[in-house]
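Okay, protein-v7.tsv now, which holds TSV, C-alpha atoms and all ligand atoms:
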chain	number	residue	atom	x	y	z
J	1	MET	CA	2.19	-6.85	15.54
J	2	ILE	CA	2.13	-9.95	13.34
J	3	VAL	CA	5.54	-10.60	11.78
J	4	PRO	CA	6.46	-13.14	9.09
J	5	ARG	CA	8.34	-16.31	9.99
J	6	THR	CA	10.91	-15.36	7.34
J	7	PRO	CA	11.83	-11.67	7.70
J	8	SER	CA	11.45	-9.43	4.65
J	9	ASP	CA	13.89	-6.68	3.69
J	10	PRO	CA	13.92	-3.82	1.14
J	11	ALA	CA	15.71	-5.95	-1.47
J	12	ALA	CA	12.98	-8.62	-1.26
J	13	VAL	CA	10.25	-5.95	-1.55
J	14	ALA	CA	11.96	-4.43	-4.60
J	15	ALA	CA	12.35	-7.86	-6.23
J	16	HIS	CA	8.68	-8.68	-5.50
J	17	TYR	CA	7.36	-5.55	-7.25
J	18	ASP	CA	9.86	-5.80	-10.12
J	19	ARG	CA	9.12	-9.49	-10.70
J	20	LEU	CA	5.33	-9.06	-10.53
J	21	ASP	CA	5.32	-5.77	-12.48
J	22	ALA	CA	3.26	-7.11	-15.40
J	23	PHE	CA	0.77	-8.87	-13.08
J	24	TYR	CA	0.27	-5.82	-10.90
J	25	ARG	CA	-0.36	-3.58	-13.87
J	26	GLU	CA	-2.72	-6.03	-15.50
J	27	LEU	CA	-4.57	-7.17	-12.37
J	28	TRP	CA	-4.64	-3.82	-10.54
J	29	GLY	CA	-3.92	-1.12	-13.10
J	30	GLU	CA	-1.77	1.84	-12.10
J	31	HIS	CA	-3.29	2.10	-8.61
J	32	VAL	CA	-1.72	-0.62	-6.46
J	33	HIS	CA	-4.18	-0.13	-3.63
J	34	HIS	CA	-7.66	-1.17	-2.58
J	35	GLY	CA	-10.82	0.32	-4.07
J	36	LEU	CA	-13.33	2.18	-1.91
J	37	TRP	CA	-16.93	1.10	-2.51
J	38	THR	CA	-19.25	3.55	-0.82
J	39	THR	CA	-22.42	2.93	-2.87
J	40	GLY	CA	-21.48	-0.62	-3.83
J	41	ARG	CA	-22.26	0.18	-7.46
J	42	GLU	CA	-18.85	1.56	-8.44
J	43	THR	CA	-16.75	-0.18	-11.07
J	44	PRO	CA	-13.37	-1.39	-9.71
J	45	GLU	CA	-11.65	1.47	-11.57
J	46	ALA	CA	-14.02	4.06	-10.06
J	47	ALA	CA	-13.51	2.52	-6.60
J	48	ALA	CA	-9.71	2.82	-6.92
J	49	GLU	CA	-10.07	6.45	-8.02
J	50	ALA	CA	-12.46	7.08	-5.11
J	51	LEU	CA	-9.88	5.92	-2.59
J	52	ALA	CA	-7.18	8.10	-4.17
J	53	ALA	CA	-9.62	11.04	-4.18
J	54	ARG	CA	-10.06	10.73	-0.39
J	55	VAL	CA	-6.27	10.90	-0.03
J	56	VAL	CA	-6.11	13.99	-2.26
J	57	GLU	CA	-8.91	15.62	-0.27
J	58	ALA	CA	-7.13	14.94	3.03
J	59	VAL	CA	-3.88	16.48	1.70
J	60	GLY	CA	-5.75	19.76	1.17
J	61	GLU	CA	-3.74	22.73	-0.04
J	62	ALA	CA	-0.07	21.91	-0.38
J	63	ARG	CA	3.03	23.02	-2.22
J	64	GLU	CA	5.42	20.22	-1.25
J	65	VAL	CA	4.19	16.66	-0.80
J	66	VAL	CA	6.04	13.39	-0.20
J	67	ASP	CA	4.47	10.09	-1.33
J	68	VAL	CA	6.14	7.28	0.62
J	69	GLY	CA	5.89	4.02	-1.34
J	70	CYS	CA	4.34	5.50	-4.49
J	71	GLY	CA	3.92	2.38	-6.65
J	72	TYR	CA	3.25	3.51	-10.23
J	73	GLY	CA	2.71	7.07	-8.99
J	74	ALA	CA	-1.03	7.29	-9.71
J	75	THR	CA	-1.85	8.91	-6.36
J	76	SER	CA	1.18	11.23	-6.67
J	77	ARG	CA	-0.12	12.44	-10.03
J	78	ARG	CA	-3.65	12.96	-8.68
J	79	ILE	CA	-2.21	15.07	-5.83
J	80	ALA	CA	0.04	17.12	-8.14
J	81	GLU	CA	-2.78	17.79	-10.59
J	82	ALA	CA	-5.34	18.69	-7.90
J	83	THR	CA	-3.09	20.96	-5.83
J	84	GLY	CA	-0.31	22.09	-8.20
J	85	ALA	CA	2.16	20.71	-5.63
J	86	ALA	CA	5.66	19.40	-6.27
J	87	VAL	CA	5.41	15.75	-5.22
J	88	THR	CA	8.47	13.70	-4.30
J	89	ALA	CA	7.55	10.04	-4.73
J	90	LEU	CA	9.60	7.13	-3.39
J	91	THR	CA	9.47	3.48	-4.37
J	92	LEU	CA	11.91	0.59	-4.05
J	93	SER	CA	11.01	-0.78	-7.47
J	94	GLU	CA	12.89	0.25	-10.62
J	95	ALA	CA	10.02	-1.11	-12.75
J	96	GLN	CA	7.46	1.04	-10.94
J	97	ALA	CA	9.71	4.11	-11.12
J	98	ALA	CA	10.30	3.64	-14.87
J	99	TYR	CA	6.54	3.50	-15.49
J	100	ALA	CA	5.81	6.47	-13.20
J	101	ARG	CA	8.46	8.64	-14.88
J	102	ARG	CA	6.88	8.05	-18.31
J	103	GLN	CA	3.46	9.39	-17.25
J	104	PRO	CA	2.51	12.97	-18.06
J	105	VAL	CA	1.41	15.28	-15.23
J	106	ALA	CA	-0.97	18.07	-16.28
J	107	ARG	CA	-0.22	20.35	-13.31
J	108	GLY	CA	2.37	20.48	-10.52
J	109	SER	CA	5.20	17.95	-10.78
J	110	VAL	CA	6.18	14.44	-9.68
J	111	ARG	CA	9.82	13.55	-8.99
J	112	VAL	CA	10.24	9.79	-8.64
J	113	LEU	CA	13.09	8.40	-6.54
J	114	VAL	CA	14.11	4.76	-6.17
J	115	GLN	CA	14.99	5.01	-2.50
J	116	ASP	CA	14.34	3.28	0.79
J	117	TRP	CA	12.23	5.55	3.01
J	118	LEU	CA	14.45	4.74	5.99
J	119	GLN	CA	17.47	6.01	4.02
J	120	ASN	CA	15.79	9.17	2.70
J	121	ASP	CA	17.75	12.40	2.75
J	122	LEU	CA	14.83	14.80	2.47
J	123	PRO	CA	15.24	18.00	4.45
J	124	LYS	CA	13.46	18.28	7.77
J	125	ALA	CA	10.28	20.39	7.99
J	126	SER	CA	10.06	20.59	4.18
J	127	ALA	CA	6.70	18.96	3.33
J	128	ASP	CA	3.16	20.26	3.73
J	129	ALA	CA	1.91	16.68	3.54
J	130	VAL	CA	3.28	13.16	3.61
J	131	VAL	CA	1.11	10.38	2.23
J	132	ALA	CA	1.66	6.65	2.58
J	133	VAL	CA	-0.90	4.52	0.78
J	134	GLU	CA	-0.54	0.83	1.71
J	135	SER	CA	3.24	0.97	2.00
J	136	THR	CA	4.22	1.16	5.67
J	137	THR	CA	3.59	-2.54	6.39
J	138	HIS	CA	6.51	-3.35	4.08
J	139	MET	CA	8.90	-1.35	6.26
J	140	PRO	CA	10.82	-2.56	9.32
J	141	GLU	CA	11.31	-0.34	12.39
J	142	ARG	CA	7.76	1.05	12.26
J	143	GLU	CA	8.35	3.68	14.98
J	144	ARG	CA	11.25	5.07	12.95
J	145	VAL	CA	9.13	5.04	9.75
J	146	PHE	CA	6.62	7.40	11.40
J	147	ARG	CA	9.30	9.49	13.14
J	148	GLU	CA	10.87	10.10	9.71
J	149	MET	CA	7.47	11.25	8.40
J	150	ALA	CA	7.12	13.65	11.33
J	151	ARG	CA	10.66	14.90	10.71
J	152	VAL	CA	10.06	15.91	7.07
J	153	LEU	CA	6.63	17.48	7.82
J	154	ARG	CA	6.42	21.20	8.43
J	155	PRO	CA	4.63	22.22	11.65
J	156	GLY	CA	0.93	22.14	10.74
J	157	GLY	CA	1.61	19.58	7.96
J	158	ARG	CA	-0.42	16.40	7.59
J	159	LEU	CA	0.31	12.73	7.39
J	160	VAL	CA	-2.31	10.81	5.35
J	161	LEU	CA	-2.09	7.08	5.96
J	162	CYS	CA	-3.96	4.21	4.31
J	163	VAL	CA	-2.90	1.08	6.10
J	164	TRP	CA	-3.42	-2.68	6.08
J	165	ALA	CA	-4.01	-3.76	9.68
J	166	THR	CA	-4.95	-6.76	11.77
J	167	SER	CA	-7.92	-7.00	14.12
J	168	GLU	CA	-7.05	-6.13	17.73
J	169	GLN	CA	-7.08	-9.76	18.89
J	170	PRO	CA	-6.83	-12.14	15.95
J	171	ARG	CA	-7.58	-15.78	16.71
J	172	ALA	CA	-4.72	-18.32	16.66
J	173	TRP	CA	-5.95	-19.98	13.44
J	174	GLU	CA	-6.30	-16.60	11.73
J	175	ILE	CA	-2.69	-15.77	12.59
J	176	ARG	CA	-1.45	-19.15	11.45
J	177	HIS	CA	-3.38	-19.57	8.21
J	178	LEU	CA	-4.09	-15.99	7.17
J	179	LEU	CA	-2.13	-13.16	8.77
J	180	GLU	CA	1.37	-14.65	9.09
J	181	PRO	CA	1.34	-16.14	5.55
J	182	ILE	CA	-0.08	-12.88	4.14
J	183	CYS	CA	2.89	-11.03	5.67
J	184	ARG	CA	5.42	-13.62	4.47
J	185	GLU	CA	4.04	-14.06	0.96
J	186	GLY	CA	3.39	-10.36	0.46
J	187	ARG	CA	6.90	-9.33	1.64
J	188	LEU	CA	5.53	-7.37	4.59
J	189	ALA	CA	7.85	-6.59	7.48
J	190	GLY	CA	4.81	-6.89	9.76
J	191	MET	CA	1.22	-5.87	10.23
J	192	GLY	CA	0.00	-4.02	13.32
J	193	SER	CA	-3.57	-3.41	14.50
J	194	LEU	CA	-5.27	-0.03	14.05
J	195	GLN	CA	-4.57	0.65	17.73
J	196	GLU	CA	-0.86	-0.03	17.21
J	197	ASN	CA	-0.83	2.34	14.22
J	198	ARG	CA	-2.49	5.06	16.33
J	199	ALA	CA	0.18	4.55	19.01
J	200	TRP	CA	3.01	4.83	16.44
J	201	LEU	CA	1.58	8.11	15.13
J	202	ALA	CA	1.21	9.47	18.66
J	203	SER	CA	4.74	8.46	19.64
J	204	ALA	CA	6.04	10.32	16.55
J	205	GLY	CA	4.36	13.43	17.99
J	206	LEU	CA	1.50	13.52	15.46
J	207	ALA	CA	-2.02	14.51	16.56
J	208	ALA	CA	-4.92	12.44	15.19
J	209	GLU	CA	-7.42	14.32	13.00
J	210	THR	CA	-9.29	11.58	11.14
J	211	ASP	CA	-9.59	7.95	12.13
J	212	GLU	CA	-11.78	5.75	9.93
J	213	ASP	CA	-12.08	2.01	9.54
J	214	TRP	CA	-12.72	1.29	5.85
J	215	SER	CA	-12.59	-2.52	6.09
J	216	ARG	CA	-16.15	-2.99	4.83
J	217	GLU	CA	-15.74	-0.50	1.97
J	218	VAL	CA	-12.48	-1.97	0.60
J	219	ALA	CA	-13.03	-5.72	1.06
J	220	ARG	CA	-14.57	-6.24	-2.40
J	221	THR	CA	-11.12	-5.53	-3.89
J	222	TRP	CA	-10.14	-9.16	-3.26
J	223	THR	CA	-13.17	-10.61	-5.03
J	224	VAL	CA	-12.29	-8.45	-8.04
J	225	VAL	CA	-8.60	-9.44	-7.96
J	226	ALA	CA	-9.43	-13.15	-7.44
J	227	ARG	CA	-11.70	-13.10	-10.51
J	228	ARG	CA	-8.99	-11.43	-12.56
J	229	VAL	CA	-6.38	-14.00	-11.43
J	230	VAL	CA	-8.67	-16.88	-12.43
J	231	ALA	CA	-9.41	-15.26	-15.81
J	232	ARG	CA	-5.73	-14.69	-16.46
J	233	LEU	CA	-4.81	-18.25	-15.50
J	234	ALA	CA	-7.50	-19.53	-17.87
J	235	THR	CA	-6.42	-17.43	-20.82
J	236	ASP	CA	-2.69	-16.76	-20.49
J	237	ARG	CA	-0.10	-19.51	-20.93
J	238	ALA	CA	2.79	-17.43	-19.54
J	239	THR	CA	0.88	-16.88	-16.29
J	240	ARG	CA	0.19	-20.63	-15.96
J	241	GLN	CA	3.90	-21.32	-16.49
J	242	PHE	CA	4.87	-18.68	-13.92
J	243	VAL	CA	2.56	-20.19	-11.30
J	244	ARG	CA	3.89	-23.71	-12.04
J	245	ASP	CA	7.57	-22.69	-11.85
J	246	ALA	CA	8.83	-23.92	-8.47
J	247	SER	CA	11.87	-21.62	-8.66
J	248	GLU	CA	9.58	-18.55	-8.67
J	249	ALA	CA	9.34	-17.33	-5.06
J	250	ASP	CA	6.57	-14.87	-6.01
J	251	ARG	CA	4.28	-17.40	-7.73
J	252	VAL	CA	2.47	-17.81	-4.41
J	253	PHE	CA	0.67	-14.49	-5.06
J	254	ALA	CA	-2.36	-16.39	-6.39
J	255	LEU	CA	-2.79	-18.13	-3.01
J	256	THR	CA	-2.22	-14.90	-1.07
J	257	VAL	CA	-5.18	-13.31	-2.85
J	258	ALA	CA	-7.43	-16.10	-1.52
J	259	ARG	CA	-6.07	-15.64	2.02
J	260	LEU	CA	-6.69	-11.89	1.86
J	261	ARG	CA	-10.26	-12.40	0.71
J	262	LEU	CA	-10.90	-14.75	3.62
J	263	ALA	CA	-9.08	-12.52	6.14
J	264	PHE	CA	-11.41	-9.61	5.32
J	265	ALA	CA	-14.42	-11.94	5.50
J	266	THR	CA	-13.50	-13.19	9.01
J	267	GLY	CA	-12.53	-9.71	10.23
J	268	ALA	CA	-8.90	-10.72	10.85
J	269	MET	CA	-7.80	-7.99	8.43
J	270	ARG	CA	-8.80	-4.37	8.88
J	271	TYR	CA	-8.14	-1.29	6.77
J	272	GLY	CA	-7.42	2.10	8.30
J	273	PHE	CA	-7.57	5.66	7.01
J	274	LEU	CA	-5.71	7.81	9.52
J	275	VAL	CA	-4.88	11.48	9.13
J	276	ALA	CA	-2.66	13.19	11.71
J	277	ARG	CA	-1.19	16.66	11.98
J	278	LYS	CA	2.23	17.78	13.18
J	279	PRO	CA	1.56	20.41	15.87
J	301	LIG	C1	1.14	-1.81	-2.26
J	301	LIG	S1	2.28	-0.75	-3.07
J	301	LIG	C2	1.39	0.77	-2.91
J	301	LIG	C3	1.75	1.71	-4.00
J	301	LIG	C4	1.07	3.06	-4.06
J	301	LIG	N1	1.09	3.77	-2.79
J	301	LIG	C5	-0.33	2.93	-4.57
J	301	LIG	O1	-1.21	3.11	-3.74
J	301	LIG	O2	-0.53	2.68	-5.75
J	301	LIG	C6	3.61	-0.58	-1.87
J	301	LIG	C7	4.71	0.39	-2.31
J	301	LIG	O3	5.55	0.66	-1.20
J	301	LIG	C8	6.88	0.74	-1.67
J	301	LIG	N2	7.80	0.52	-0.54
J	301	LIG	C9	7.83	-0.54	0.29
J	301	LIG	N3	8.83	-0.41	1.19
J	301	LIG	C10	9.43	0.78	0.92
J	301	LIG	C11	10.53	1.48	1.49
J	301	LIG	N4	11.21	0.99	2.53
J	301	LIG	N5	10.89	2.66	0.95
J	301	LIG	C12	10.21	3.17	-0.11
J	301	LIG	N6	9.15	2.55	-0.68
J	301	LIG	C13	8.77	1.37	-0.18
J	301	LIG	C14	6.96	-0.30	-2.76
J	301	LIG	O4	8.08	-0.08	-3.59
J	301	LIG	C15	5.61	-0.07	-3.44
J	301	LIG	O5	5.75	0.97	-4.38
Let me see whether you can do it: turn the structure in this file into structure tokens.
Amino acid sequence: MIVPRTPSDPAAVAAHYDRLDAFYRELWGEHVHHGLWTTGRETPEAAAEALAARVVEAVGEAREVVDVGCGYGATSRRIAEATGAAVTALTLSEAQAAYARRQPVARGSVRVLVQDWLQNDLPKASADAVVAVESTTHMPERERVFREMARVLRPGGRLVLCVWATSEQPRAWEIRHLLEPICREGRLAGMGSLQENRAWLASAGLAAETDEDWSREVARTWTVVARRVVARLATDRATRQFVRDASEADRVFALTVARLRLAFATGAMRYGFLVARKP
């Protein structure tokens, strides 16, 4: 696993998402995850919805669902509306939770908690599905993260995981200039390879059902985000001031976007869609 030189913690993750709230919503919209381009002709909005739709499809029929690291709750709402389920959605960010709580849900329900997943007090064997879309890399103690997911799943329940990953054997320069800074600047606790993620799921007692590498289908996300960053810098004075302010730890996000784009291009970064069932 690649870990940052400066360790992250839940408070730093919360501060990152609270501080960059306006940027995330403007640059990404309410889905803070990659888009999935299967035809290549999708708009960025359609690609983001397509990725969420694959998560909803993998959840299947469910009455109780937990969304670990829910962001603005867009995927939670898609799951509730498609299945009628009661979704419990956790984020560390007060700004994300405030937005998510204001959104209407046409069917089912979404309960948003500002809570660290590793401190959750959800009952064991209570969820038909647990989803984690691009959140686990922020969390320390990765084995425990997945053990907690297995604990709250009912027997037969599914874990649906969309995960940022590294290649199996990244080159030294990729670690130094891309992967380690991406972890540090993005407040990640660490990034494992797809093989490491499979091993964590297995050691939590979860049996693999679906295992897909979506790296090629999601990579365009970073071209889209890079263009939006440039456009915003060109047109918005407040953004230019934010990026110039040396006291702003999170101003580096503009550089991280460039690293991510390159890391997908060299193959140092991978993207996994893993579904596993609790026996
Ligand atoms: C990249 S965003 C993904 C958001 C959402 N899943 C989506 O796809 O739109 C990462 C999310 O993980 C959450 N997160 C990170 N560490 C967490 C933790 N220890 N407990 C709960 N949520 C966490 C953050 O608050 C943020 O909402």
Taking only C-alpha atoms and all ligand atoms and a cut-off of 9 Å, can you tell me which residues surround ligand LIG 301 (chain J), written as a PDB file with C-alpha atoms, in the coordinates of the input?
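So result.pdb came out as:
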ATOM      1  CA  ASP J   9      13.890  -6.680   3.690  1.00  0.00           C
ATOM      2  CA  PRO J  10      13.920  -3.820   1.140  1.00  0.00           C
ATOM      3  CA  VAL J  13      10.250  -5.950  -1.550  1.00  0.00           C
ATOM      4  CA  ALA J  14      11.960  -4.430  -4.600  1.00  0.00           C
ATOM      5  CA  HIS J  16       8.680  -8.680  -5.500  1.00  0.00           C
ATOM      6  CA  TYR J  17       7.360  -5.550  -7.250  1.00  0.00           C
ATOM      7  CA  ASP J  18       9.860  -5.800 -10.120  1.00  0.00           C
ATOM      8  CA  GLY J  29      -3.920  -1.120 -13.100  1.00  0.00           C
ATOM      9  CA  GLU J  30      -1.770   1.840 -12.100  1.00  0.00           C
ATOM     10  CA  HIS J  31      -3.290   2.100  -8.610  1.00  0.00           C
ATOM     11  CA  VAL J  32      -1.720  -0.620  -6.460  1.00  0.00           C
ATOM     12  CA  HIS J  33      -4.180  -0.130  -3.630  1.00  0.00           C
ATOM     13  CA  HIS J  34      -7.660  -1.170  -2.580  1.00  0.00           C
ATOM     14  CA  ALA J  52      -7.180   8.100  -4.170  1.00  0.00           C
ATOM     15  CA  ASP J  67       4.470  10.090  -1.330  1.00  0.00           C
ATOM     16  CA  VAL J  68       6.140   7.280   0.620  1.00  0.00           C
ATOM     17  CA  GLY J  69       5.890   4.020  -1.340  1.00  0.00           C
ATOM     18  CA  CYS J  70       4.340   5.500  -4.490  1.00  0.00           C
ATOM     19  CA  GLY J  71       3.920   2.380  -6.650  1.00  0.00           C
ATOM     20  CA  TYR J  72       3.250   3.510 -10.230  1.00  0.00           C
ATOM     21  CA  GLY J  73       2.710   7.070  -8.990  1.00  0.00           C
ATOM     22  CA  ALA J  74      -1.030   7.290  -9.710  1.00  0.00           C
ATOM     23  CA  THR J  75      -1.850   8.910  -6.360  1.00  0.00           C
ATOM     24  CA  SER J  76       1.180  11.230  -6.670  1.00  0.00           C
ATOM     25  CA  ALA J  89       7.550  10.040  -4.730  1.00  0.00           C
ATOM     26  CA  LEU J  90       9.600   7.130  -3.390  1.00  0.00           C
ATOM     27  CA  THR J  91       9.470   3.480  -4.370  1.00  0.00           C
ATOM     28  CA  LEU J  92      11.910   0.590  -4.050  1.00  0.00           C
ATOM     29  CA  SER J  93      11.010  -0.780  -7.470  1.00  0.00           C
ATOM     30  CA  GLU J  94      12.890   0.250 -10.620  1.00  0.00           C
ATOM     31  CA  GLN J  96       7.460   1.040 -10.940  1.00  0.00           C
ATOM     32  CA  ALA J  97       9.710   4.110 -11.120  1.00  0.00           C
ATOM     33  CA  LEU J 113      13.090   8.400  -6.540  1.00  0.00           C
ATOM     34  CA  VAL J 114      14.110   4.760  -6.170  1.00  0.00           C
ATOM     35  CA  GLN J 115      14.990   5.010  -2.500  1.00  0.00           C
ATOM     36  CA  ASP J 116      14.340   3.280   0.790  1.00  0.00           C
ATOM     37  CA  TRP J 117      12.230   5.550   3.010  1.00  0.00           C
ATOM     38  CA  LEU J 118      14.450   4.740   5.990  1.00  0.00           C
ATOM     39  CA  GLN J 119      17.470   6.010   4.020  1.00  0.00           C
ATOM     40  CA  ASN J 120      15.790   9.170   2.700  1.00  0.00           C
ATOM     41  CA  VAL J 131       1.110  10.380   2.230  1.00  0.00           C
ATOM     42  CA  ALA J 132       1.660   6.650   2.580  1.00  0.00           C
ATOM     43  CA  VAL J 133      -0.900   4.520   0.780  1.00  0.00           C
ATOM     44  CA  GLU J 134      -0.540   0.830   1.710  1.00  0.00           C
ATOM     45  CA  SER J 135       3.240   0.970   2.000  1.00  0.00           C
ATOM     46  CA  THR J 136       4.220   1.160   5.670  1.00  0.00           C
ATOM     47  CA  THR J 137       3.590  -2.540   6.390  1.00  0.00           C
ATOM     48  CA  HIS J 138       6.510  -3.350   4.080  1.00  0.00           C
ATOM     49  CA  MET J 139       8.900  -1.350   6.260  1.00  0.00           C
ATOM     50  CA  PRO J 140      10.820  -2.560   9.320  1.00  0.00           C
ATOM     51  CA  VAL J 145       9.130   5.040   9.750  1.00  0.00           C
ATOM     52  CA  CYS J 162      -3.960   4.210   4.310  1.00  0.00           C
ATOM     53  CA  ARG J 187       6.900  -9.330   1.640  1.00  0.00           C
ATOM     54  CA  LEU J 188       5.530  -7.370   4.590  1.00  0.00           C
ATOM     55  CA  ALA J 189       7.850  -6.590   7.480  1.00  0.00           C
TER      56      ALA J 189
END
Note to self: Can you tell me which residues surround Val130 of chain J at a distance of at most 9 Å, considering only C-alpha atoms, apart from same-chain residues fewer than 3 positions away, and format the answer as a PyMOL selection string?
What the structure shows: chain J and resi 59+64-68+127+149-150+152-153+157-161
Export of the given selection (C-alpha atoms) as an mmCIF file, in the frame of the given file:
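Final output, saved to out-v4.cif:
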data_model
loop_
_atom_site.group_PDB
_atom_site.id
_atom_site.type_symbol
_atom_site.label_atom_id
_atom_site.label_comp_id
_atom_site.auth_asym_id
_atom_site.auth_seq_id
_atom_site.Cartn_x
_atom_site.Cartn_y
_atom_site.Cartn_z
ATOM 1 C CA VAL J 59 -3.880 16.480 1.700
ATOM 2 C CA GLU J 64 5.420 20.220 -1.250
ATOM 3 C CA VAL J 65 4.190 16.660 -0.800
ATOM 4 C CA VAL J 66 6.040 13.390 -0.200
ATOM 5 C CA ASP J 67 4.470 10.090 -1.330
ATOM 6 C CA VAL J 68 6.140 7.280 0.620
ATOM 7 C CA ALA J 127 6.700 18.960 3.330
ATOM 8 C CA MET J 149 7.470 11.250 8.400
ATOM 9 C CA ALA J 150 7.120 13.650 11.330
ATOM 10 C CA VAL J 152 10.060 15.910 7.070
ATOM 11 C CA LEU J 153 6.630 17.480 7.820
ATOM 12 C CA GLY J 157 1.610 19.580 7.960
ATOM 13 C CA ARG J 158 -0.420 16.400 7.590
ATOM 14 C CA LEU J 159 0.310 12.730 7.390
ATOM 15 C CA VAL J 160 -2.310 10.810 5.350
ATOM 16 C CA LEU J 161 -2.090 7.080 5.960
#
Check: Which one is closest to Arg228 of chain J: J:Glu45, J:Glu26, J:Glu196, J:Glu174? Count only C-alpha atoms.
Finding: J:Glu26
Check: When you draw a straight line from atom CA of Trp200 of chain J to atom CA of Pro170 of chain J, how long is it in Å?
Finding: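 So the two atoms, atom CA of Trp200 of chain J and atom CA of Pro170 of chain J, lie 19.6 Å apart.
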Item checked: Atom pair atom CA of Ala53 of chain J / atom CA of Asp213 of chain J: separation (Å) ->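 Taking atom CA of Ala53 of chain J as the start and atom CA of Asp213 of chain J as the end point, the length is 16.6 Å.
The shortest atom-to-atom distance to Val275 of chain J, with only C-alpha atoms taken into account, belongs to J:Ala202 out of J:Ala202, J:Ala125, J:Ile79, J:Val112.
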Next item on the list: Could you check how far atom CA of Leu36 of chain J sits from atom CA of Thr166 of chain J, in Å to one decimal?
Entry: 18.4 Å
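When all atoms listed in the file are used to compute distances to Pro44 of chain J, the closest of the residues J:Leu27, J:Met1, J:Ala172, J:Gly190 turns out to be J:Leu27.
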Notebook entry, point to check: In terms of the shortest atom-to-atom distance over only C-alpha atoms, which of J:Pro155, J:Gly108, J:Pro181, J:Gly267 is closest to Ser193 of chain J?
Noted result: J:Gly267
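Across J:Leu201, J:Ala208, J:Phe253, J:Arg151, the tightest approach to Thr239 of chain J is made by J:Phe253 when counting only C-alpha atoms.
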Check: Of the candidates J:Val229, J:Ile2, J:Ala12, J:Leu274, which one gets nearest to Met191 of chain J if we count all atoms listed in the file?
Finding: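 Between J:Val229, J:Ile2, J:Ala12, J:Leu274, the residue approaching Met191 of chain J most closely is J:Ile2.
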